[in-house]
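J.: Contents are mmCIF, C-alpha atoms and all ligand atoms; file name run_18.cif:
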```cif
data_final
loop_
_atom_site.group_PDB
_atom_site.id
_atom_site.type_symbol
_atom_site.label_atom_id
_atom_site.label_comp_id
_atom_site.auth_asym_id
_atom_site.auth_seq_id
_atom_site.Cartn_x
_atom_site.Cartn_y
_atom_site.Cartn_z
ATOM 1 C CA MET A 1 -3.319 -26.700 -8.463
ATOM 2 C CA LYS A 2 -4.454 -29.805 -6.637
ATOM 3 C CA VAL A 3 -4.686 -28.761 -2.982
ATOM 4 C CA LYS A 4 -4.029 -32.132 -1.346
ATOM 5 C CA GLY A 5 -0.727 -32.038 0.530
ATOM 6 C CA LYS A 6 -0.217 -28.336 -0.282
ATOM 7 C CA VAL A 7 0.190 -25.410 2.121
ATOM 8 C CA VAL A 8 -2.426 -22.730 1.426
ATOM 9 C CA LEU A 9 -2.617 -19.315 3.085
ATOM 10 C CA VAL A 10 -6.106 -17.786 3.389
ATOM 11 C CA THR A 11 -6.709 -14.182 4.478
ATOM 12 C CA GLY A 12 -9.976 -13.417 6.262
ATOM 13 C CA GLY A 13 -9.966 -16.994 7.613
ATOM 14 C CA GLY A 14 -11.912 -15.991 10.723
ATOM 15 C CA SER A 15 -15.327 -15.608 9.124
ATOM 16 C CA GLY A 16 -17.643 -16.232 6.179
ATOM 17 C CA ILE A 17 -16.149 -17.433 2.916
ATOM 18 C CA GLY A 18 -12.586 -17.399 4.307
ATOM 19 C CA ARG A 19 -13.488 -19.646 7.241
ATOM 20 C CA GLU A 20 -15.223 -22.092 4.881
ATOM 21 C CA LEU A 21 -12.224 -22.032 2.543
ATOM 22 C CA VAL A 22 -10.058 -23.039 5.503
ATOM 23 C CA LEU A 23 -12.393 -25.909 6.438
ATOM 24 C CA ASN A 24 -12.781 -27.086 2.830
ATOM 25 C CA LEU A 25 -9.020 -27.052 2.185
ATOM 26 C CA LEU A 26 -8.341 -28.991 5.405
ATOM 27 C CA SER A 27 -10.971 -31.569 4.434
ATOM 28 C CA LYS A 28 -9.133 -32.083 1.110
ATOM 29 C CA GLY A 29 -5.800 -32.749 2.830
ATOM 30 C CA ALA A 30 -4.169 -29.315 2.585
ATOM 31 C CA LYS A 31 -2.352 -27.610 5.436
ATOM 32 C CA VAL A 32 -3.673 -24.105 5.986
ATOM 33 C CA ILE A 33 -2.312 -20.813 7.261
ATOM 34 C CA ALA A 34 -5.314 -18.699 8.308
ATOM 35 C CA VAL A 35 -4.782 -14.955 8.592
ATOM 36 C CA ASP A 36 -7.235 -12.472 10.042
ATOM 37 C CA ILE A 37 -7.269 -9.185 11.956
ATOM 38 C CA ASN A 38 -9.594 -10.869 14.460
ATOM 39 C CA LEU A 39 -7.745 -13.490 16.600
ATOM 40 C CA PRO A 40 -10.813 -14.829 18.511
ATOM 41 C CA ALA A 41 -12.506 -15.424 15.143
ATOM 42 C CA LEU A 42 -9.457 -17.388 13.948
ATOM 43 C CA GLN A 43 -9.528 -19.460 17.156
ATOM 44 C CA GLU A 44 -13.180 -20.210 16.495
ATOM 45 C CA THR A 45 -12.240 -21.443 12.997
ATOM 46 C CA LEU A 46 -9.629 -23.725 14.560
ATOM 47 C CA ALA A 47 -12.176 -25.071 17.066
ATOM 48 C CA LEU A 48 -14.697 -25.704 14.274
ATOM 49 C CA SER A 49 -12.103 -27.490 12.147
ATOM 50 C CA GLY A 50 -11.593 -30.204 14.730
ATOM 51 C CA THR A 51 -7.946 -30.329 13.628
ATOM 52 C CA SER A 52 -4.768 -29.447 15.493
ATOM 53 C CA ASP A 53 -2.658 -26.354 15.042
ATOM 54 C CA ALA A 54 -0.124 -28.579 13.276
ATOM 55 C CA ASN A 55 -2.434 -28.517 10.237
ATOM 56 C CA LEU A 56 -3.902 -25.063 10.757
ATOM 57 C CA GLY A 57 -1.637 -22.162 11.675
ATOM 58 C CA LEU A 58 -3.282 -18.985 12.942
ATOM 59 C CA PHE A 59 -1.806 -15.532 12.335
ATOM 60 C CA ALA A 60 -3.485 -12.377 13.626
ATOM 61 C CA VAL A 61 -2.347 -9.788 11.084
ATOM 62 C CA ASP A 62 -3.879 -6.598 9.708
ATOM 63 C CA ILE A 63 -3.204 -6.928 5.976
ATOM 64 C CA THR A 64 -3.162 -3.125 5.579
ATOM 65 C CA ASP A 65 0.068 -3.058 7.628
ATOM 66 C CA SER A 66 2.785 -3.766 5.046
ATOM 67 C CA ALA A 67 5.491 -4.314 7.705
ATOM 68 C CA ALA A 68 3.294 -6.885 9.502
ATOM 69 C CA VAL A 69 2.611 -8.599 6.163
ATOM 70 C CA GLY A 70 6.372 -8.686 5.538
ATOM 71 C CA GLU A 71 6.885 -10.427 8.888
ATOM 72 C CA LEU A 72 4.042 -12.832 8.075
ATOM 73 C CA VAL A 73 6.012 -14.242 5.121
ATOM 74 C CA GLY A 74 8.833 -15.546 7.342
ATOM 75 C CA ASN A 75 6.457 -16.769 10.051
ATOM 76 C CA ALA A 76 4.130 -18.557 7.616
ATOM 77 C CA ILE A 77 7.034 -20.262 5.813
ATOM 78 C CA GLU A 78 8.596 -21.273 9.143
ATOM 79 C CA LYS A 79 5.362 -23.039 10.134
ATOM 80 C CA ASN A 80 5.540 -25.743 7.408
ATOM 81 C CA GLY A 81 8.752 -24.972 5.543
ATOM 82 C CA TYR A 82 6.992 -23.370 2.561
ATOM 83 C CA VAL A 83 3.706 -21.939 1.204
ATOM 84 C CA ASP A 84 2.267 -23.153 -2.133
ATOM 85 C CA ALA A 85 -0.746 -20.900 -2.576
ATOM 86 C CA ILE A 86 -2.282 -17.710 -1.231
ATOM 87 C CA ILE A 87 -5.967 -16.785 -1.266
ATOM 88 C CA ASN A 88 -6.515 -13.050 -0.812
ATOM 89 C CA ASN A 89 -10.042 -13.203 0.539
ATOM 90 C CA ALA A 90 -10.189 -10.638 3.394
ATOM 91 C CA GLY A 91 -12.334 -7.659 2.499
ATOM 92 C CA ILE A 92 -14.836 -5.110 3.773
ATOM 93 C CA ILE A 93 -17.794 -3.271 2.288
ATOM 94 C CA GLN A 94 -18.551 0.448 2.655
ATOM 95 C CA PRO A 95 -21.614 1.993 4.304
ATOM 96 C CA PHE A 96 -24.579 2.008 1.879
ATOM 97 C CA VAL A 97 -24.220 5.690 0.957
ATOM 98 C CA ASP A 98 -23.648 7.556 -2.280
ATOM 99 C CA LEU A 99 -20.129 8.760 -3.056
ATOM 100 C CA LYS A 100 -21.040 12.396 -2.353
ATOM 101 C CA ASP A 101 -21.807 11.451 1.266
ATOM 102 C CA LEU A 102 -18.869 9.106 1.872
ATOM 103 C CA ASP A 103 -16.033 10.558 3.987
ATOM 104 C CA TYR A 104 -12.367 10.135 3.030
ATOM 105 C CA LYS A 105 -11.491 8.168 6.173
ATOM 106 C CA THR A 106 -13.981 5.469 5.202
ATOM 107 C CA ILE A 107 -12.944 5.584 1.546
ATOM 108 C CA LYS A 108 -9.286 5.137 2.539
ATOM 109 C CA ARG A 109 -10.033 2.167 4.820
ATOM 110 C CA VAL A 110 -11.984 0.341 2.080
ATOM 111 C CA ILE A 111 -9.167 0.945 -0.444
ATOM 112 C CA ASP A 112 -6.519 -0.039 2.129
ATOM 113 C CA VAL A 113 -8.133 -3.365 3.042
ATOM 114 C CA ASN A 114 -9.464 -4.459 -0.336
ATOM 115 C CA LEU A 115 -6.749 -3.181 -2.676
ATOM 116 C CA TYR A 116 -3.589 -2.486 -0.674
ATOM 117 C CA GLY A 117 -4.114 -5.515 1.578
ATOM 118 C CA THR A 118 -4.360 -7.752 -1.490
ATOM 119 C CA LEU A 119 -1.371 -6.026 -3.057
ATOM 120 C CA PHE A 120 0.806 -6.284 0.078
ATOM 121 C CA VAL A 121 0.141 -10.012 0.566
ATOM 122 C CA THR A 122 0.597 -10.755 -3.150
ATOM 123 C CA LYS A 123 3.880 -8.877 -3.506
ATOM 124 C CA ALA A 124 5.231 -10.204 -0.211
ATOM 125 C CA PHE A 125 4.658 -13.885 -1.119
ATOM 126 C CA LEU A 126 5.323 -13.749 -4.880
ATOM 127 C CA PRO A 127 9.136 -14.236 -4.742
ATOM 128 C CA HIS A 128 8.628 -17.356 -2.573
ATOM 129 C CA LEU A 129 5.854 -18.723 -4.814
ATOM 130 C CA LEU A 130 8.075 -18.291 -7.893
ATOM 131 C CA ASN A 131 10.589 -20.615 -6.232
ATOM 132 C CA ARG A 132 8.073 -23.412 -5.654
ATOM 133 C CA ALA A 133 7.594 -26.200 -8.212
ATOM 134 C CA GLU A 134 3.986 -24.987 -8.543
ATOM 135 C CA GLY A 135 2.340 -21.934 -6.972
ATOM 136 C CA HIS A 136 -1.084 -20.314 -7.055
ATOM 137 C CA ILE A 137 -2.438 -16.816 -6.306
ATOM 138 C CA VAL A 138 -6.197 -16.450 -5.860
ATOM 139 C CA ASN A 139 -7.736 -13.008 -5.416
ATOM 140 C CA VAL A 140 -11.351 -12.540 -4.345
ATOM 141 C CA SER A 141 -12.971 -9.685 -6.250
ATOM 142 C CA SER A 142 -16.775 -9.449 -6.435
ATOM 143 C CA MET A 143 -19.749 -9.302 -8.779
ATOM 144 C CA GLY A 144 -19.534 -5.631 -7.732
ATOM 145 C CA GLY A 145 -16.098 -5.539 -9.372
ATOM 146 C CA PHE A 146 -17.542 -5.752 -12.891
ATOM 147 C CA LEU A 147 -21.013 -4.225 -12.347
ATOM 148 C CA PRO A 148 -21.822 -0.947 -10.556
ATOM 149 C CA VAL A 149 -23.851 -1.232 -7.357
ATOM 150 C CA PRO A 150 -25.124 2.193 -6.216
ATOM 151 C CA GLY A 151 -24.233 2.858 -2.584
ATOM 152 C CA GLN A 152 -21.140 0.621 -2.974
ATOM 153 C CA THR A 153 -19.237 2.690 -5.516
ATOM 154 C CA VAL A 154 -15.880 2.792 -3.744
ATOM 155 C CA TYR A 155 -16.184 -0.883 -2.744
ATOM 156 C CA GLY A 156 -16.858 -1.674 -6.429
ATOM 157 C CA ALA A 157 -13.885 0.439 -7.511
ATOM 158 C CA THR A 158 -11.574 -1.537 -5.198
ATOM 159 C CA LYS A 159 -12.947 -4.839 -6.463
ATOM 160 C CA ALA A 160 -12.580 -3.724 -10.120
ATOM 161 C CA ALA A 161 -8.978 -2.853 -9.261
ATOM 162 C CA VAL A 162 -8.490 -6.338 -7.755
ATOM 163 C CA LYS A 163 -9.924 -7.837 -10.973
ATOM 164 C CA LEU A 164 -7.436 -6.020 -13.226
ATOM 165 C CA LEU A 165 -4.574 -6.484 -10.764
ATOM 166 C CA THR A 166 -5.185 -10.226 -10.873
ATOM 167 C CA GLU A 167 -5.702 -10.466 -14.621
ATOM 168 C CA GLY A 168 -2.571 -8.376 -15.232
ATOM 169 C CA LEU A 169 -0.635 -10.651 -12.900
ATOM 170 C CA HIS A 170 -1.953 -13.679 -14.781
ATOM 171 C CA SER A 171 -0.520 -12.313 -18.030
ATOM 172 C CA GLU A 172 2.797 -11.435 -16.400
ATOM 173 C CA LEU A 173 3.141 -14.883 -14.804
ATOM 174 C CA GLN A 174 1.876 -16.884 -17.781
ATOM 175 C CA HIS A 175 5.189 -18.615 -18.476
ATOM 176 C CA THR A 176 6.018 -19.271 -14.835
ATOM 177 C CA ASN A 177 5.025 -21.975 -12.342
ATOM 178 C CA VAL A 178 2.492 -19.648 -10.639
ATOM 179 C CA HIS A 179 -1.199 -19.968 -11.572
ATOM 180 C CA VAL A 180 -3.455 -16.945 -11.034
ATOM 181 C CA THR A 181 -7.233 -16.947 -10.487
ATOM 182 C CA VAL A 182 -9.732 -14.127 -9.908
ATOM 183 C CA VAL A 183 -12.995 -14.894 -8.090
ATOM 184 C CA PHE A 184 -16.294 -13.023 -8.474
ATOM 185 C CA PRO A 185 -18.731 -13.991 -5.709
ATOM 186 C CA GLY A 186 -22.353 -12.940 -6.038
ATOM 187 C CA ALA A 187 -24.421 -12.625 -2.868
ATOM 188 C CA VAL A 188 -23.172 -14.953 -0.111
ATOM 189 C CA ALA A 189 -24.769 -15.176 3.355
ATOM 190 C CA THR A 190 -22.000 -13.925 5.670
ATOM 191 C CA ASN A 191 -21.623 -11.277 8.383
ATOM 192 C CA ILE A 192 -19.670 -8.943 6.093
ATOM 193 C CA THR A 193 -21.967 -5.990 6.867
ATOM 194 C CA ALA A 194 -21.415 -6.149 10.643
ATOM 195 C CA ASN A 195 -17.755 -7.186 10.254
ATOM 196 C CA SER A 196 -17.204 -4.086 8.094
ATOM 197 C CA GLY A 197 -18.663 -1.879 10.823
ATOM 198 C CA VAL A 198 -21.597 -0.987 8.568
ATOM 199 C CA THR A 199 -24.963 -0.436 10.223
ATOM 200 C CA MET A 200 -28.255 -0.756 8.410
ATOM 201 C CA ASN A 201 -31.461 0.678 9.807
ATOM 202 C CA MET A 202 -34.196 -1.853 10.522
ATOM 203 C CA SER A 203 -36.130 -1.302 7.336
ATOM 204 C CA MET A 204 -32.971 -1.517 5.173
ATOM 205 C CA ALA A 205 -31.938 -4.699 6.987
ATOM 206 C CA GLN A 206 -35.399 -6.204 6.484
ATOM 207 C CA LYS A 207 -35.310 -5.310 2.794
ATOM 208 C CA SER A 208 -31.818 -6.749 2.505
ATOM 209 C CA ASN A 209 -33.045 -9.976 4.092
ATOM 210 C CA GLN A 210 -35.906 -10.017 1.600
ATOM 211 C CA VAL A 211 -33.454 -9.647 -1.303
ATOM 212 C CA SER A 212 -31.375 -12.467 0.204
ATOM 213 C CA ALA A 213 -34.416 -14.716 0.457
ATOM 214 C CA GLU A 214 -35.581 -13.923 -3.072
ATOM 215 C CA SER A 215 -32.153 -14.353 -4.636
ATOM 216 C CA LYS A 216 -31.507 -17.668 -2.832
ATOM 217 C CA VAL A 217 -28.219 -16.414 -1.424
ATOM 218 C CA LEU A 218 -25.412 -18.949 -1.456
ATOM 219 C CA THR A 219 -24.001 -20.373 1.783
ATOM 220 C CA PRO A 220 -20.318 -19.592 2.439
ATOM 221 C CA ALA A 221 -19.622 -23.353 2.444
ATOM 222 C CA LYS A 222 -20.975 -23.666 -1.107
ATOM 223 C CA ALA A 223 -19.028 -20.560 -2.161
ATOM 224 C CA ALA A 224 -15.831 -22.098 -0.767
ATOM 225 C CA GLU A 225 -16.504 -25.380 -2.595
ATOM 226 C CA ILE A 226 -16.873 -23.510 -5.924
ATOM 227 C CA ILE A 227 -13.676 -21.506 -5.301
ATOM 228 C CA VAL A 228 -11.603 -24.579 -4.383
ATOM 229 C CA ARG A 229 -12.890 -26.361 -7.501
ATOM 230 C CA GLY A 230 -11.747 -23.332 -9.536
ATOM 231 C CA ILE A 231 -8.303 -23.525 -7.927
ATOM 232 C CA GLU A 232 -8.029 -27.251 -8.696
ATOM 233 C CA ASN A 233 -8.969 -26.545 -12.340
ATOM 234 C CA ASN A 234 -6.502 -23.622 -12.556
ATOM 235 C CA ASP A 235 -9.401 -21.462 -13.760
ATOM 236 C CA TYR A 236 -8.680 -17.917 -14.967
ATOM 237 C CA GLN A 237 -11.966 -16.560 -13.553
ATOM 238 C CA VAL A 238 -14.422 -18.132 -11.100
ATOM 239 C CA TYR A 239 -18.010 -16.839 -10.992
ATOM 240 C CA VAL A 240 -19.533 -17.863 -7.647
ATOM 241 C CA GLY A 241 -23.327 -18.292 -7.695
ATOM 242 C CA SER A 242 -25.997 -18.082 -10.392
ATOM 243 C CA ASP A 243 -26.413 -14.308 -9.809
ATOM 244 C CA SER A 244 -22.728 -13.684 -10.568
ATOM 245 C CA ARG A 245 -22.761 -16.015 -13.596
ATOM 246 C CA PHE A 246 -25.956 -14.444 -15.008
ATOM 247 C CA LEU A 247 -24.870 -10.834 -14.418
ATOM 248 C CA GLY A 248 -21.408 -11.582 -15.814
ATOM 249 C CA ILE A 249 -22.983 -12.625 -19.132
ATOM 250 C CA PHE A 250 -25.590 -9.812 -19.035
ATOM 251 C CA ASN A 251 -22.828 -7.245 -18.410
ATOM 252 C CA ARG A 252 -20.742 -8.501 -21.343
ATOM 253 C CA ILE A 253 -23.735 -8.330 -23.718
ATOM 254 C CA SER A 254 -25.116 -4.958 -22.594
ATOM 255 C CA PRO A 255 -23.215 -3.206 -19.791
ATOM 256 C CA LYS A 256 -25.517 -0.168 -19.590
ATOM 257 C CA THR A 257 -28.694 -2.253 -19.433
ATOM 258 C CA ALA A 258 -27.123 -4.503 -16.786
ATOM 259 C CA ALA A 259 -26.136 -1.443 -14.692
ATOM 260 C CA SER A 260 -29.639 -0.061 -15.025
ATOM 261 C CA PHE A 261 -31.097 -3.448 -13.968
ATOM 262 C CA ILE A 262 -29.025 -3.436 -10.752
ATOM 263 C CA ASN A 263 -29.904 0.197 -10.078
ATOM 264 C CA LYS A 264 -33.619 -0.627 -10.369
ATOM 265 C CA GLN A 265 -33.223 -3.653 -8.069
ATOM 266 C CA MET A 266 -31.465 -1.536 -5.415
ATOM 267 C CA LYS A 267 -34.118 1.201 -5.683
ATOM 268 C CA LYS A 268 -36.913 -1.390 -5.536
ATOM 269 C CA TYR A 269 -35.587 -2.626 -2.208
ATOM 270 C CA GLY A 270 -34.524 0.853 -0.991
ATOM 271 C CA ILE A 271 -31.110 -0.256 0.282
ATOM 272 C CA THR A 272 -29.027 2.272 -1.617
ATOM 273 C CA SER A 273 -28.619 4.867 1.133
ATOM 274 C CA GLN A 274 -28.727 5.161 4.924
HETATM 275 N N1 LIG A 301 -20.589 -11.962 1.217
HETATM 276 C C1 LIG A 301 -20.821 -11.568 -0.004
HETATM 277 O O1 LIG A 301 -21.992 -11.467 -0.435
HETATM 278 C C2 LIG A 301 -19.685 -11.223 -0.929
HETATM 279 C C3 LIG A 301 -19.998 -10.916 -2.273
HETATM 280 C C4 LIG A 301 -18.965 -10.583 -3.141
HETATM 281 C C5 LIG A 301 -17.647 -10.575 -2.698
HETATM 282 N N2 LIG A 301 -17.372 -10.883 -1.398
HETATM 283 C C6 LIG A 301 -15.969 -10.821 -0.976
HETATM 284 O O2 LIG A 301 -15.626 -12.045 -0.355
HETATM 285 C C7 LIG A 301 -14.599 -11.814 0.607
HETATM 286 C C8 LIG A 301 -14.996 -12.457 1.933
HETATM 287 O O3 LIG A 301 -16.158 -11.813 2.387
HETATM 288 P P1 LIG A 301 -17.148 -12.436 3.479
HETATM 289 O O4 LIG A 301 -18.512 -12.137 3.024
HETATM 290 O O5 LIG A 301 -16.755 -13.817 3.802
HETATM 291 O O6 LIG A 301 -16.849 -11.437 4.702
HETATM 292 P P2 LIG A 301 -16.651 -11.710 6.278
HETATM 293 O O7 LIG A 301 -16.774 -10.373 6.918
HETATM 294 O O8 LIG A 301 -17.506 -12.812 6.747
HETATM 295 O O9 LIG A 301 -15.119 -12.185 6.341
HETATM 296 C C9 LIG A 301 -14.069 -11.289 6.037
HETATM 297 C C10 LIG A 301 -12.939 -11.527 7.019
HETATM 298 O O10 LIG A 301 -11.872 -10.620 6.672
HETATM 299 C C11 LIG A 301 -11.301 -10.149 7.885
HETATM 300 N N3 LIG A 301 -10.636 -8.859 7.662
HETATM 301 C C12 LIG A 301 -11.213 -7.657 7.425
HETATM 302 N N4 LIG A 301 -10.288 -6.702 7.361
HETATM 303 C C13 LIG A 301 -9.086 -7.306 7.565
HETATM 304 C C14 LIG A 301 -7.746 -6.832 7.636
HETATM 305 N N5 LIG A 301 -7.468 -5.531 7.490
HETATM 306 N N6 LIG A 301 -6.768 -7.729 7.853
HETATM 307 C C15 LIG A 301 -7.040 -9.041 8.017
HETATM 308 N N7 LIG A 301 -8.290 -9.543 7.992
HETATM 309 C C16 LIG A 301 -9.303 -8.683 7.755
HETATM 310 C C17 LIG A 301 -12.497 -9.989 8.828
HETATM 311 O O11 LIG A 301 -12.081 -9.937 10.184
HETATM 312 C C18 LIG A 301 -13.327 -11.209 8.480
HETATM 313 O O12 LIG A 301 -13.003 -12.294 9.324
HETATM 314 C C19 LIG A 301 -14.430 -10.293 0.693
HETATM 315 O O13 LIG A 301 -13.305 -9.907 -0.067
HETATM 316 C C20 LIG A 301 -15.691 -9.760 0.079
HETATM 317 O O14 LIG A 301 -15.526 -8.483 -0.483
HETATM 318 C C21 LIG A 301 -18.349 -11.198 -0.499
#
```
Could you express the structure from this file as structure tokens?
Ligand SMILES: NC(=O)c1ccc[n+]([C@@H]2O[C@H](COP(=O)([O-])OP(=O)(O)OC[C@H]3O[C@@H](n4cnc5c(N)ncnc54)[C@H](O)[C@@H]3O)[C@@H](O)[C@H]2O)c1
T.:
Amino acid sequence: MKVKGKVVLVTGGGSGIGRELVLNLLSKGAKVIAVDINLPALQETLALSGTSDANLGLFAVDITDSAAVGELVGNAIEKNGYVDAIINNAGIIQPFVDLKDLDYKTIKRVIDVNLYGTLFVTKAFLPHLLNRAEGHIVNVSSMGGFLPVPGQTVYGATKAAVKLLTEGLHSELQHTNVHVTVVFPGAVATNITANSGVTMNMSMAQKSNQVSAESKVLTPAKAAEIIVRGIENNDYQVYVGSDSRFLGIFNRISPKTAASFINKQMKKYGITSQ
């Protein structure tokens, strides 16, 4: 879908990749509905955009609240008369601990945000999108959605679920006006750790920074550019970053060796557990 002149809803628009998606879409002539649980962060996105709230609507909504998401549909449509595309980008990681040490409250929150949040927004907007001349659903999974990252097992499980949810939806909507794209970002330099309420001790944080430096982590602006290009090309899958592209191929050729490679990398840097 060409984004110029379209109305695109972006969840997680208050930070990181979501904020840059908002700015990129506005720069290409789209109108944007930015959704986030964090209203001050959304207001910061608006200030950074240099545009008016006529082009950028802000909605403070927790996507895990299905009733609030239901209300969002009417409010978002009222803003511009319609919505052409949704980008389910909001997400959180889990603390860097093994499954045996992860409590159910944390597990539930990660599943609620990453899987149910995506599901609620998708199902709520789908009937409207099916009535547009052209619609698009974009779901942000992760490199961790096709490759196991120790210490992020539940996060990975939610992102694998988002992958299959999106690919299943693509098959179901194949003969409709709604395009469907799944996105697999590799490492992107955002505040997702802090925003997810995850603390890292100093040495883990230093090691994580070292990994970031060595792997030439992508900026969120570059990630957004790649995602928007994928939307404009109606791509089925979008691999964001050379790490995601490389590991995607590696994983298809030899999944066990690829998993073992990641495991060794995590152990090398000692960021697998708190
Ligand atoms: N940063 C990376 O390295 C990376 C890698 C792979 C995948 N991803 C995925 O990309 C997406 C964006 O991540 P990011 O790195 O930009 O993170 P981020 O923390 O910078 O932004 C995520 C935004 O989502 C919002 N959010 C969280 N829970 C919410 C809820 N319940 N309702 C509404 N909004 C909520 C947060 O407030 C935040 O503004 C996520 O789905 C993440 O899993 C990120």
J.: Could you state which residues are captured by the PyMOL selection byres (((chain A and resi 44) around 12) and not hetatm) in this file, as a list in words?
T.: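 Applied to this file, the PyMOL selection byres (((chain A and resi 44) around 12) and not hetatm) returns Gly13, Gly14, Ser15, Gly16, Arg19, Glu20, Val22, Leu23, Ala34, Asp36, Asn38, Leu39, Pro40, Ala41, Leu42, Gln43, Thr45, Leu46, Ala47, Leu48, Ser49, Gly50, Thr51, Leu56 and Leu58 of chain A.
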J.: Quote the spacing between CA of Ile87 (chain A) and CA of Pro255 (chain A) in Å to one decimal place.
T.: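 Spanning CA of Ile87 (chain A) to CA of Pro255 (chain A) is a straight-line distance of 28.7 Å.
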J.: Calculated over all atoms listed in the file, which of the candidates A:Leu119, A:Val35, A:Ile107, A:Ala85 has the smallest distance to Glu232 (chain A)?
T.: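 Comparing A:Leu119, A:Val35, A:Ile107, A:Ala85 against Glu232 (chain A), the winner is A:Ala85.
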J.: Nearest to Gly156 (chain A): which of A:Gly12, A:Gly74, A:Gly144, A:Gly241 is it, counting only C-alpha atoms?
T.: A:Gly144
J.: Identify, counting all atoms listed in the file, the protein, DNA and RNA residues located within 6 Å of ligand LIG 301 (chain A), and give them as a PyMOL selection string.
T.: chain A and resi 12-18+36-38+61-64+89-92+113+140-143+185-192+195
J.: Care to translate the PyMOL selection byres (((chain A and resi 76) around 12) and not hetatm) into actual residues of this file, as a tab-separated table (two decimals) with C-alpha atoms, keeping the file's coordinate frame?
T.:
```tsv
chain	number	residue	atom	x	y	z
A	7	VAL	CA	0.19	-25.41	2.12
A	8	VAL	CA	-2.43	-22.73	1.43
A	9	LEU	CA	-2.62	-19.32	3.08
A	10	VAL	CA	-6.11	-17.79	3.39
A	31	LYS	CA	-2.35	-27.61	5.44
A	32	VAL	CA	-3.67	-24.10	5.99
A	33	ILE	CA	-2.31	-20.81	7.26
A	34	ALA	CA	-5.31	-18.70	8.31
A	35	VAL	CA	-4.78	-14.96	8.59
A	56	LEU	CA	-3.90	-25.06	10.76
A	57	GLY	CA	-1.64	-22.16	11.68
A	58	LEU	CA	-3.28	-18.98	12.94
A	59	PHE	CA	-1.81	-15.53	12.34
A	60	ALA	CA	-3.48	-12.38	13.63
A	61	VAL	CA	-2.35	-9.79	11.08
A	68	ALA	CA	3.29	-6.88	9.50
A	69	VAL	CA	2.61	-8.60	6.16
A	70	GLY	CA	6.37	-8.69	5.54
A	71	GLU	CA	6.88	-10.43	8.89
A	72	LEU	CA	4.04	-12.83	8.07
A	73	VAL	CA	6.01	-14.24	5.12
A	74	GLY	CA	8.83	-15.55	7.34
A	75	ASN	CA	6.46	-16.77	10.05
A	77	ILE	CA	7.03	-20.26	5.81
A	78	GLU	CA	8.60	-21.27	9.14
A	79	LYS	CA	5.36	-23.04	10.13
A	80	ASN	CA	5.54	-25.74	7.41
A	81	GLY	CA	8.75	-24.97	5.54
A	82	TYR	CA	6.99	-23.37	2.56
A	83	VAL	CA	3.71	-21.94	1.20
A	84	ASP	CA	2.27	-23.15	-2.13
A	85	ALA	CA	-0.75	-20.90	-2.58
A	86	ILE	CA	-2.28	-17.71	-1.23
A	121	VAL	CA	0.14	-10.01	0.57
A	124	ALA	CA	5.23	-10.20	-0.21
A	125	PHE	CA	4.66	-13.88	-1.12
A	128	HIS	CA	8.63	-17.36	-2.57
```
J.: Using all atoms listed in the file, which protein or nucleic acid residues come within 12 Å of Phe96 (chain A)? Drop anything in the same chain fewer than 3 positions from it, and give the result as JSON, numbers by chain.
T.: {"A": [93, 99, 100, 101, 102, 106, 149, 150, 151, 152, 153, 154, 155, 156, 193, 196, 197, 198, 199, 200, 201, 204, 205, 208, 266, 270, 271, 272, 273, 274]}
J.: Considering all atoms listed in the file, can you say which of A:Lys268, A:Thr219, A:Thr176, A:Tyr239 comes closest to Asn131 (chain A)?
T.: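 Once distances to Asn131 (chain A) are computed over all atoms listed in the file, the minimum belongs to A:Thr176.
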